[in-house]
Amino acid sequence: MNSRKRLFIALFVAFITFSELAVAQAPSGIPDISGSWERAREASIPAQGQPPLKPQFMKEWQVRQQAARDASAKGAPIAERVVHCLPDGMPGMMAGPFPMEILQSKGQVTIIQEAYTQVRRIQLDKQQKPVDDVEPGFYGNSVGRWEGNTLVVDTVGVRENVRYQNVPHSKDLHIRERFSLGANGILRDEITMEDPTIFEKPWTFTFGYRRMPDYLLLEYICEDNRQYTDEKGIQQIRVQPAK
Amino acid sequence: MNAGKPMKYFRLGLAILAMTGSALAHHSFAVYDHTRTLNLTGSVARWQWTNPHAYLDIDVKDAKGAVKRYVLEGTSINMMQRNGWRSNMIKHGDQIKVVFAPLLTGEPAGLLLEVTLANGEKKELPVPAINTFKRTPDQVQP
């Protein structure tokens, strides 16, 4: 082997070694979760039993749920927020039922839920703000970081009247999420709601999602809804359209 | 008796409760009659292609020429598009046939389950749990 050949081999080996190091260390080692997803119910893990509310809140919730079931059985359902074109907010928007899109950009992961065009922005590697510094909203303030292959997210500042399955929470609610992409291509979001004021212990459930490779999210504008809420809070339908 | 059985029923009960919970969280179709459907043929007075739901207003003329308007609620237009529906499939003035679950109050309204378009093509709506609406052959008598 002449010296030229040896130099070439040495350079080639060095190139391969450094490229591999680069792959292991660069942000490209982060799983690619960008794209369109839909709920995969078989990959979801529902919450076990009822939400772990403290007794005084549990009673109120059970009475409310029973009233809703009774009203539905009578054909006069209690109007829900959707009658007023209001979105789910967190964590309800992660439940679907419509497809969602995830965008990974520098320092941010953005999740768009097609229904009601709900958008949440997860800022990466930022400190969470104190709850009182966050203006309460539908999605709250989300910060996240990659721990190996898992995206760990913390959310605070969800408005108290933005309730998942009508379950109450206080202004101190933390929603902790762990996103992980399985070898089978299923994305999981394990959600834990923590609220020591209202809950006896954390409330955990997991949503699973499968890819929709060729699906582009459709627009969703809520307009001219002919459902309305009557004076008793019951959902009605406007038989005569608005002029 | 199998000791696992009560637990199994308990879990099943919880699953049903959980399902009820999520169903309650969205648009309720509880205002519609699940025990019968009505069929009618009429003229499209208004085709409202909107979210959260589409609406179809149909005029039916009786023997004396008096017009009665029916308001039929559809589903989200996003779900409809994913099931092959397009806004231009129905136009003002089209003569179409529909199957719907009537509003329980007796008003001339209902939940749209199936449409036979002006070109004769029959299309179902992507109503969740559509099989819980019992089909009956009743015709709307103008």
# chains A, B, ... in the order shown; residues from 1 in each chain; ligands from 1
call {"tool": "closest_atom_pairs", "arguments": {"of": "chain B", "to": "chain A", "cutoff": "6 Å", "atoms": "only C-alpha atoms", "output": "Markdown table"}}
result
| residue | atom | partner | partner_atom | distance |
| --- | --- | --- | --- | --- |
| B:Ala30 | CA | A:Gly75 | CA | 4.9 |
| B:Val31 | CA | A:Gly75 | CA | 4.6 |
| B:Asn51 | CA | A:Cys222 | CA | 4.8 |
| B:Pro52 | CA | A:Cys222 | CA | 5.4 |
| B:Val71 | CA | A:Val239 | CA | 5.9 |
call {"tool": "write_last_selection", "arguments": {"atoms": "N, CA and C atoms", "output": "compact mmCIF listing (two decimals), in the first residue's frame"}}
result
# COMPACT_ATOMS: atom_id res chain seq x y z
N ALA B 30 -78.91 13.38 20.94
CA ALA B 30 -79.99 12.86 21.79
C ALA B 30 -81.33 13.53 21.51
N VAL B 31 -81.30 14.66 20.80
CA VAL B 31 -82.56 15.37 20.49
C VAL B 31 -83.34 14.66 19.38
N ASN B 51 -69.15 24.08 9.64
CA ASN B 51 -68.89 23.41 10.91
C ASN B 51 -69.55 24.21 12.02
N PRO B 52 -69.94 23.64 13.16
CA PRO B 52 -69.62 22.25 13.50
C PRO B 52 -70.39 21.23 12.68
N VAL B 71 -85.73 21.12 8.27
CA VAL B 71 -84.33 21.45 8.54
C VAL B 71 -83.63 20.19 9.01
call {"tool": "residues_around", "arguments": {"residues": "Leu124 (chain A)", "least_positions_apart": "4", "cutoff": "6 Å", "atoms": "only C-alpha atoms", "output": "PyMOL selection string"}}
result
chain A and resi 107-108+143-145
call {"tool": "write_last_selection", "arguments": {"atoms": "N, CA and C atoms", "output": "mmCIF file, in the first residue's frame"}}
result
data_model
loop_
_atom_site.group_PDB
_atom_site.id
_atom_site.type_symbol
_atom_site.label_atom_id
_atom_site.label_comp_id
_atom_site.auth_asym_id
_atom_site.auth_seq_id
_atom_site.Cartn_x
_atom_site.Cartn_y
_atom_site.Cartn_z
ATOM 1 N N GLY A 107 -36.411 24.836 18.516
ATOM 2 C CA GLY A 107 -36.857 25.328 19.818
ATOM 3 C C GLY A 107 -38.346 25.197 20.084
ATOM 4 N N GLN A 108 -39.092 24.562 19.179
ATOM 5 C CA GLN A 108 -40.545 24.479 19.395
ATOM 6 C C GLN A 108 -41.165 23.246 18.746
ATOM 7 N N VAL A 143 -43.946 23.973 28.220
ATOM 8 C CA VAL A 143 -42.509 23.873 27.965
ATOM 9 C C VAL A 143 -42.145 22.396 27.910
ATOM 10 N N GLY A 144 -41.129 22.070 27.120
ATOM 11 C CA GLY A 144 -40.761 20.669 26.980
ATOM 12 C C GLY A 144 -39.272 20.476 26.781
ATOM 13 N N ARG A 145 -38.838 19.246 26.922
ATOM 14 C CA ARG A 145 -37.436 18.899 26.633
ATOM 15 C C ARG A 145 -37.396 17.422 26.245
#
call {"tool": "residues_around", "arguments": {"residues": "Ala183 (chain A)", "least_positions_apart": "4", "cutoff": "12 Å", "atoms": "only C-alpha atoms", "output": "MDAnalysis selection string"}}
result
chainID A and resid 31 149 187:188 210
call {"tool": "residues_around", "arguments": {"residues": "Glu121 (chain B)", "least_positions_apart": "2", "cutoff": "12 Å", "atoms": "only C-alpha atoms", "output": "PyMOL selection string"}}
result
chain B and resi 85+89-90+96-98+114-119+123-124
call {"tool": "write_last_selection", "arguments": {"atoms": "C-alpha atoms", "output": "mmCIF file, in the first residue's frame"}}
result
data_model
loop_
_atom_site.group_PDB
_atom_site.id
_atom_site.type_symbol
_atom_site.label_atom_id
_atom_site.label_comp_id
_atom_site.auth_asym_id
_atom_site.auth_seq_id
_atom_site.Cartn_x
_atom_site.Cartn_y
_atom_site.Cartn_z
ATOM 1 C CA TRP B 85 -68.500 14.422 0.301
ATOM 2 C CA MET B 89 -72.768 17.706 -4.642
ATOM 3 C CA ILE B 90 -75.967 19.507 -3.591
ATOM 4 C CA ILE B 96 -83.377 14.987 -3.666
ATOM 5 C CA LYS B 97 -84.523 12.147 -1.468
ATOM 6 C CA VAL B 98 -83.427 11.963 2.163
ATOM 7 C CA GLU B 114 -78.735 9.358 3.924
ATOM 8 C CA VAL B 115 -79.207 11.394 0.745
ATOM 9 C CA THR B 116 -80.072 10.315 -2.805
ATOM 10 C CA LEU B 117 -78.505 13.095 -4.857
ATOM 11 C CA ALA B 118 -80.083 14.677 -7.940
ATOM 12 C CA ASN B 119 -77.931 12.378 -10.135
ATOM 13 C CA LYS B 123 -74.658 8.742 -0.021
ATOM 14 C CA GLU B 124 -74.677 8.063 3.700
#
call {"tool": "residues_around", "arguments": {"residues": "region 101-107 of chain B", "least_positions_apart": "4", "cutoff": "7 Å", "atoms": "only C-alpha atoms", "output": "ChimeraX atom specification"}}
result
/A:75 /B:31-34,36-38,111-112
call {"tool": "atom_distance", "arguments": {"atom1": "CA of Glu177 (chain A)", "atom2": "CA of Pro128 (chain B)"}}
result
28.9 Å
call {"tool": "select_by_dssp", "arguments": {"residues": "chain B", "states": "alpha helix (DSSP H)", "output": "NGL selection string"}}
result
:B and (4-24 or 77-82)
call {"tool": "residues_around", "arguments": {"residues": "Arg178 (chain A)", "least_positions_apart": "6", "cutoff": "10 Å", "atoms": "only C-alpha atoms", "output": "list in words"}}
result
Gly144, Arg145, Trp146, Glu147, Asn149, Thr150, Leu151, Val152, Val153, Asp154, Arg188, Asp189, Glu190, Ile191, Thr192 and Thr206 of chain A
call {"tool": "closest_residue", "arguments": {"among": "A:Lys59, A:Val156, A:Asp230, A:Arg211", "to": "Glu135 (chain A)", "atoms": "only C-alpha atoms"}}
result
A:Val156
call {"tool": "residues_around", "arguments": {"residues": "His92 (chain B)", "least_positions_apart": "4", "cutoff": "12 Å", "atoms": "only C-alpha atoms", "output": "JSON, numbers by chain"}}
result
{"B": [42, 43, 44, 45, 46, 47, 48, 56, 57, 58, 59, 87, 88, 96, 118]}
call {"tool": "write_last_selection", "arguments": {"atoms": "N, CA and C atoms", "output": "mmCIF file, in the first residue's frame"}}
result
data_model
loop_
_atom_site.group_PDB
_atom_site.id
_atom_site.type_symbol
_atom_site.label_atom_id
_atom_site.label_comp_id
_atom_site.auth_asym_id
_atom_site.auth_seq_id
_atom_site.Cartn_x
_atom_site.Cartn_y
_atom_site.Cartn_z
ATOM 1 N N GLY B 42 -87.909 16.216 -1.790
ATOM 2 C CA GLY B 42 -88.256 17.632 -1.878
ATOM 3 C C GLY B 42 -87.192 18.414 -2.606
ATOM 4 N N SER B 43 -87.370 19.723 -2.539
ATOM 5 C CA SER B 43 -86.491 20.623 -3.263
ATOM 6 C C SER B 43 -85.543 21.321 -2.279
ATOM 7 N N VAL B 44 -84.256 21.375 -2.614
ATOM 8 C CA VAL B 44 -83.263 21.979 -1.711
ATOM 9 C C VAL B 44 -83.471 23.495 -1.647
ATOM 10 N N ALA B 45 -83.792 23.989 -0.443
ATOM 11 C CA ALA B 45 -83.994 25.423 -0.248
ATOM 12 C C ALA B 45 -82.694 26.082 0.231
ATOM 13 N N ARG B 46 -81.859 25.317 0.945
ATOM 14 C CA ARG B 46 -80.618 25.873 1.484
ATOM 15 C C ARG B 46 -79.686 24.709 1.815
ATOM 16 N N TRP B 47 -78.444 24.857 1.444
ATOM 17 C CA TRP B 47 -77.442 23.829 1.738
ATOM 18 C C TRP B 47 -76.318 24.564 2.467
ATOM 19 N N GLN B 48 -76.298 24.388 3.788
ATOM 20 C CA GLN B 48 -75.359 25.123 4.624
ATOM 21 C C GLN B 48 -74.131 24.248 4.911
ATOM 22 N N LEU B 56 -79.185 21.033 5.926
ATOM 23 C CA LEU B 56 -79.881 20.957 4.646
ATOM 24 C C LEU B 56 -81.344 21.315 4.885
ATOM 25 N N ASP B 57 -81.806 22.383 4.221
ATOM 26 C CA ASP B 57 -83.221 22.758 4.327
ATOM 27 C C ASP B 57 -83.922 22.273 3.062
ATOM 28 N N ILE B 58 -85.009 21.546 3.251
ATOM 29 C CA ILE B 58 -85.740 20.980 2.113
ATOM 30 C C ILE B 58 -87.199 21.423 2.150
ATOM 31 N N ASP B 59 -87.713 21.877 1.017
ATOM 32 C CA ASP B 59 -89.125 22.268 0.899
ATOM 33 C C ASP B 59 -89.926 21.133 0.277
ATOM 34 N N SER B 87 -68.893 19.998 -1.218
ATOM 35 C CA SER B 87 -69.976 20.977 -1.076
ATOM 36 C C SER B 87 -70.818 21.087 -2.347
ATOM 37 N N ASN B 88 -70.197 20.832 -3.514
ATOM 38 C CA ASN B 88 -70.918 21.032 -4.779
ATOM 39 C C ASN B 88 -71.806 19.846 -5.185
ATOM 40 N N ILE B 96 -84.116 16.090 -4.278
ATOM 41 C CA ILE B 96 -83.377 14.987 -3.666
ATOM 42 C C ILE B 96 -84.257 14.231 -2.675
ATOM 43 N N ALA B 118 -79.316 14.420 -6.717
ATOM 44 C CA ALA B 118 -80.083 14.677 -7.940
ATOM 45 C C ALA B 118 -79.668 13.731 -9.066
#
call {"tool": "closest_residue", "arguments": {"among": "A:Met90, A:Ala67, A:Leu103, A:Ile112", "to": "Gly140 (chain A)", "atoms": "only C-alpha atoms"}}
result
A:Met90
call {"tool": "select_by_dssp", "arguments": {"residues": "region 14-166 of chain A", "states": "strand (DSSP E or B)", "output": "count of residues only"}}
result
43
